[in-house]
$ cat upload26.cif   # mmCIF, C-alpha atoms
data_my_file
#
loop_
_atom_site.group_PDB
_atom_site.id
_atom_site.type_symbol
_atom_site.label_atom_id
_atom_site.label_comp_id
_atom_site.auth_asym_id
_atom_site.auth_seq_id
_atom_site.Cartn_x
_atom_site.Cartn_y
_atom_site.Cartn_z
ATOM 1 C CA MET A 1 -58.535 -135.601 142.598
ATOM 2 C CA ARG A 2 -55.313 -133.607 142.692
ATOM 3 C CA GLY A 3 -54.154 -135.271 139.525
ATOM 4 C CA MET A 4 -57.114 -133.770 137.705
ATOM 5 C CA ALA A 5 -56.420 -130.218 138.851
ATOM 6 C CA PRO A 6 -55.072 -127.889 136.138
ATOM 7 C CA SER A 7 -51.415 -127.022 136.449
ATOM 8 C CA ARG A 8 -50.386 -123.428 137.048
ATOM 9 C CA LEU A 9 -48.226 -121.636 134.545
ATOM 10 C CA THR A 10 -45.216 -119.576 135.489
ATOM 11 C CA SER A 11 -45.404 -115.923 134.480
ATOM 12 C CA GLU A 12 -42.925 -116.596 131.652
ATOM 13 C CA GLU A 13 -45.022 -119.511 130.356
ATOM 14 C CA ALA A 14 -48.168 -117.407 130.562
ATOM 15 C CA ALA A 15 -46.489 -114.574 128.625
ATOM 16 C CA ARG A 16 -45.326 -116.959 125.880
ATOM 17 C CA LEU A 17 -48.775 -118.500 125.651
ATOM 18 C CA ALA A 18 -50.443 -115.085 125.458
ATOM 19 C CA ALA A 19 -48.009 -113.968 122.755
ATOM 20 C CA THR A 20 -48.819 -116.978 120.603
ATOM 21 C CA GLN A 21 -52.575 -116.739 121.100
ATOM 22 C CA HIS A 22 -52.837 -112.946 120.899
ATOM 23 C CA PRO A 23 -49.962 -111.637 118.815
ATOM 24 C CA ALA A 24 -49.500 -107.894 118.760
ATOM 25 C CA PRO A 25 -50.146 -106.257 115.415
ATOM 26 C CA PRO A 26 -47.043 -105.146 113.560
ATOM 27 C CA VAL A 27 -45.857 -101.594 114.104
ATOM 28 C CA THR A 28 -46.665 -99.684 110.954
ATOM 29 C CA GLU A 29 -45.573 -96.302 109.708
ATOM 30 C CA THR A 30 -49.125 -95.116 110.427
ATOM 31 C CA LYS A 31 -48.770 -96.067 114.101
ATOM 32 C CA LEU A 32 -45.427 -94.265 114.295
ATOM 33 C CA LYS A 33 -46.988 -91.199 112.683
ATOM 34 C CA ARG A 34 -49.763 -91.271 115.318
ATOM 35 C CA LEU A 35 -47.188 -91.479 118.103
ATOM 36 C CA ARG A 36 -45.336 -88.485 116.650
ATOM 37 C CA LEU A 37 -48.600 -86.521 116.620
ATOM 38 C CA LEU A 38 -49.469 -87.538 120.182
ATOM 39 C CA ALA A 39 -46.023 -86.416 121.347
ATOM 40 C CA VAL A 40 -46.663 -82.799 120.302
ATOM 41 C CA ASP A 41 -50.255 -82.537 121.526
ATOM 42 C CA PRO A 42 -50.925 -79.505 123.769
ATOM 43 C CA ASN A 43 -52.484 -81.788 126.408
ATOM 44 C CA PRO A 44 -49.760 -83.304 128.627
ATOM 45 C CA LYS A 45 -51.906 -86.399 129.301
ATOM 46 C CA ILE A 46 -51.887 -87.137 125.565
ATOM 47 C CA ARG A 47 -48.100 -86.662 125.461
ATOM 48 C CA GLU A 48 -47.861 -89.087 128.389
ATOM 49 C CA SER A 49 -49.502 -91.756 126.249
ATOM 50 C CA ALA A 50 -46.784 -91.304 123.618
ATOM 51 C CA ALA A 51 -44.096 -91.387 126.310
ATOM 52 C CA SER A 52 -45.546 -94.641 127.675
ATOM 53 C CA SER A 53 -45.589 -96.460 124.350
ATOM 54 C CA TYR A 54 -43.036 -99.176 123.653
ATOM 55 C CA HIS A 55 -42.995 -98.129 120.005
ATOM 56 C CA THR A 56 -42.250 -94.407 120.292
ATOM 57 C CA PRO A 57 -39.216 -93.613 118.100
ATOM 58 C CA GLU A 58 -36.055 -92.692 120.007
ATOM 59 C CA ALA A 59 -35.891 -89.158 118.582
ATOM 60 C CA VAL A 60 -39.458 -88.518 119.779
ATOM 61 C CA MET A 61 -38.679 -90.041 123.177
ATOM 62 C CA ALA A 62 -35.635 -87.743 123.492
ATOM 63 C CA LYS A 63 -37.898 -84.710 123.035
ATOM 64 C CA LEU A 64 -40.417 -86.067 125.533
ATOM 65 C CA ALA A 65 -37.571 -86.542 128.046
ATOM 66 C CA ILE A 66 -37.207 -82.748 128.189
ATOM 67 C CA ASP A 67 -40.943 -81.980 128.114
ATOM 68 C CA PRO A 68 -41.958 -79.094 130.402
ATOM 69 C CA ASP A 69 -44.463 -81.400 132.165
ATOM 70 C CA ALA A 70 -42.988 -83.662 134.865
ATOM 71 C CA GLY A 71 -45.718 -86.261 134.278
ATOM 72 C CA VAL A 72 -44.600 -86.687 130.679
ATOM 73 C CA ARG A 73 -40.954 -86.965 131.720
ATOM 74 C CA GLY A 74 -41.975 -89.483 134.391
ATOM 75 C CA CYS A 75 -43.572 -91.682 131.730
ATOM 76 C CA VAL A 76 -40.331 -91.576 129.746
ATOM 77 C CA ALA A 77 -38.344 -92.442 132.892
ATOM 78 C CA ARG A 78 -40.434 -95.500 133.725
ATOM 79 C CA ASN A 79 -40.743 -96.822 130.159
ATOM 80 C CA GLU A 80 -38.591 -99.942 129.954
ATOM 81 C CA TYR A 81 -38.023 -99.350 126.250
ATOM 82 C CA THR A 82 -36.476 -95.894 126.711
ATOM 83 C CA SER A 83 -32.850 -96.014 125.575
ATOM 84 C CA CYS A 84 -30.056 -95.987 128.158
ATOM 85 C CA ASP A 85 -28.713 -92.724 126.735
ATOM 86 C CA ILE A 86 -32.036 -90.977 127.282
ATOM 87 C CA LEU A 87 -32.403 -92.446 130.768
ATOM 88 C CA ARG A 88 -28.868 -91.310 131.572
ATOM 89 C CA SER A 89 -29.717 -87.762 130.436
ATOM 90 C CA MET A 90 -32.616 -87.666 132.915
ATOM 91 C CA ALA A 91 -30.581 -88.472 136.054
ATOM 92 C CA ASP A 92 -30.401 -84.799 137.041
ATOM 93 C CA ASP A 93 -34.043 -83.976 136.279
ATOM 94 C CA GLU A 94 -35.412 -81.193 138.482
ATOM 95 C CA SER A 95 -38.349 -83.359 139.560
ATOM 96 C CA ASP A 96 -37.977 -85.841 142.430
ATOM 97 C CA MET A 97 -40.840 -87.793 140.879
ATOM 98 C CA VAL A 98 -38.989 -88.231 137.582
ATOM 99 C CA ARG A 99 -35.792 -89.279 139.341
ATOM 100 C CA GLY A 100 -37.882 -91.638 141.473
ATOM 101 C CA TRP A 101 -39.277 -93.309 138.367
ATOM 102 C CA LEU A 102 -35.725 -93.694 137.097
ATOM 103 C CA ALA A 103 -34.759 -95.332 140.385
ATOM 104 C CA VAL A 104 -37.395 -98.059 139.997
ATOM 105 C CA ASN A 105 -36.842 -98.675 136.275
ATOM 106 C CA TYR A 106 -35.022 -102.011 136.081
ATOM 107 C CA PHE A 107 -33.342 -101.001 132.820
ATOM 108 C CA VAL A 108 -31.581 -97.871 134.099
ATOM 109 C CA PRO A 109 -27.799 -98.171 133.642
ATOM 110 C CA THR A 110 -25.674 -98.877 136.713
ATOM 111 C CA ASP A 111 -23.880 -95.524 136.562
ATOM 112 C CA VAL A 112 -27.236 -93.725 136.761
ATOM 113 C CA MET A 113 -28.319 -95.831 139.737
ATOM 114 C CA GLU A 114 -25.048 -94.934 141.468
ATOM 115 C CA ARG A 115 -25.786 -91.222 140.904
ATOM 116 C CA LEU A 116 -29.346 -91.644 142.143
ATOM 117 C CA ALA A 117 -28.055 -93.409 145.266
ATOM 118 C CA GLU A 118 -26.445 -90.053 146.160
ATOM 119 C CA ASP A 119 -29.518 -87.995 145.187
ATOM 120 C CA PRO A 120 -30.415 -84.974 147.364
ATOM 121 C CA SER A 121 -33.920 -86.422 147.794
ATOM 122 C CA GLU A 122 -34.362 -89.017 150.542
ATOM 123 C CA THR A 123 -37.302 -90.438 148.593
ATOM 124 C CA VAL A 124 -35.156 -91.083 145.519
ATOM 125 C CA ARG A 125 -32.368 -92.596 147.623
ATOM 126 C CA SER A 126 -34.843 -94.891 149.364
ATOM 127 C CA LEU A 127 -36.243 -96.015 146.004
ATOM 128 C CA VAL A 128 -32.723 -96.895 144.870
ATOM 129 C CA ARG A 129 -32.256 -98.989 148.045
ATOM 130 C CA TRP A 130 -35.635 -100.653 147.496
#

$ encode --input "upload26.cif" --output "structure tokens"
Amino acid sequence: MRGMAPSRLTSEEAARLAATQHPAPPVTETKLKRLRLLAVDPNPKIRESAASSYHTPEAVMAKLAIDPDAGVRGCVARNEYTSCDILRSMADDESDMVRGWLAVNYFVPTDVMERLAEDPSETVRSLVRW
């Protein structure tokens, strides 16, 4: 009976299989134009969607990193496709939440993590230790 049971895929195998069966559409200039428009929308929730996208151009992401809304900046901080230079520039953000998102972003440079380990906020420091 056990021999007939389906085998389980590792997460990496599942991701490869999904990518081959459901390939993402190519990023077009139209999509980039939409992201640029979303990034300047008056509604911060709409700007958050641009900040969360893996395809947002770096220049747009740099502007979103200094957005007046902490939620938007938090989306930039947790986006694994945000450049190291932008992430580095956010290490002294006024918001504990933003710095907390930096602390749990696997792609944050080591020097930023070292700064966050000395952060005034206990929450941020504990996230670095986590």

$ resolve_selection --input "upload26.cif" --expression "the PyMOL selection byres ((chain A and resi 26-32) around 8)" --output "ChimeraX atom specification"
/A:24-25,33-36,55-57

$ atom_distance --input "upload26.cif" --atom1 "CA of Val124 in chain A" --atom2 "CA of Val112 in chain A"
12.1 Å

$ resolve_selection --input "upload26.cif" --expression "the PyMOL selection byres ((chain A and resi 52) around 10)" --output "CSV table (one decimal) with C-alpha atoms, keeping the file's coordinate frame"
chain,number,residue,atom,x,y,z
A,47,ARG,CA,-48.1,-86.7,125.5
A,48,GLU,CA,-47.9,-89.1,128.4
A,49,SER,CA,-49.5,-91.8,126.2
A,50,ALA,CA,-46.8,-91.3,123.6
A,51,ALA,CA,-44.1,-91.4,126.3
A,53,SER,CA,-45.6,-96.5,124.4
A,54,TYR,CA,-43.0,-99.2,123.7
A,55,HIS,CA,-43.0,-98.1,120.0
A,56,THR,CA,-42.2,-94.4,120.3
A,61,MET,CA,-38.7,-90.0,123.2
A,72,VAL,CA,-44.6,-86.7,130.7
A,73,ARG,CA,-41.0,-87.0,131.7
A,74,GLY,CA,-42.0,-89.5,134.4
A,75,CYS,CA,-43.6,-91.7,131.7
A,76,VAL,CA,-40.3,-91.6,129.7
A,77,ALA,CA,-38.3,-92.4,132.9
A,78,ARG,CA,-40.4,-95.5,133.7
A,79,ASN,CA,-40.7,-96.8,130.2
A,80,GLU,CA,-38.6,-99.9,130.0
A,81,TYR,CA,-38.0,-99.4,126.2
A,82,THR,CA,-36.5,-95.9,126.7

$ resolve_selection --input "upload26.cif" --expression "the PyMOL selection byres ((chain A and resi 123) around 12)" --output "PyMOL selection string"
chain A and resi 95-101+103-104+116-122+124-130
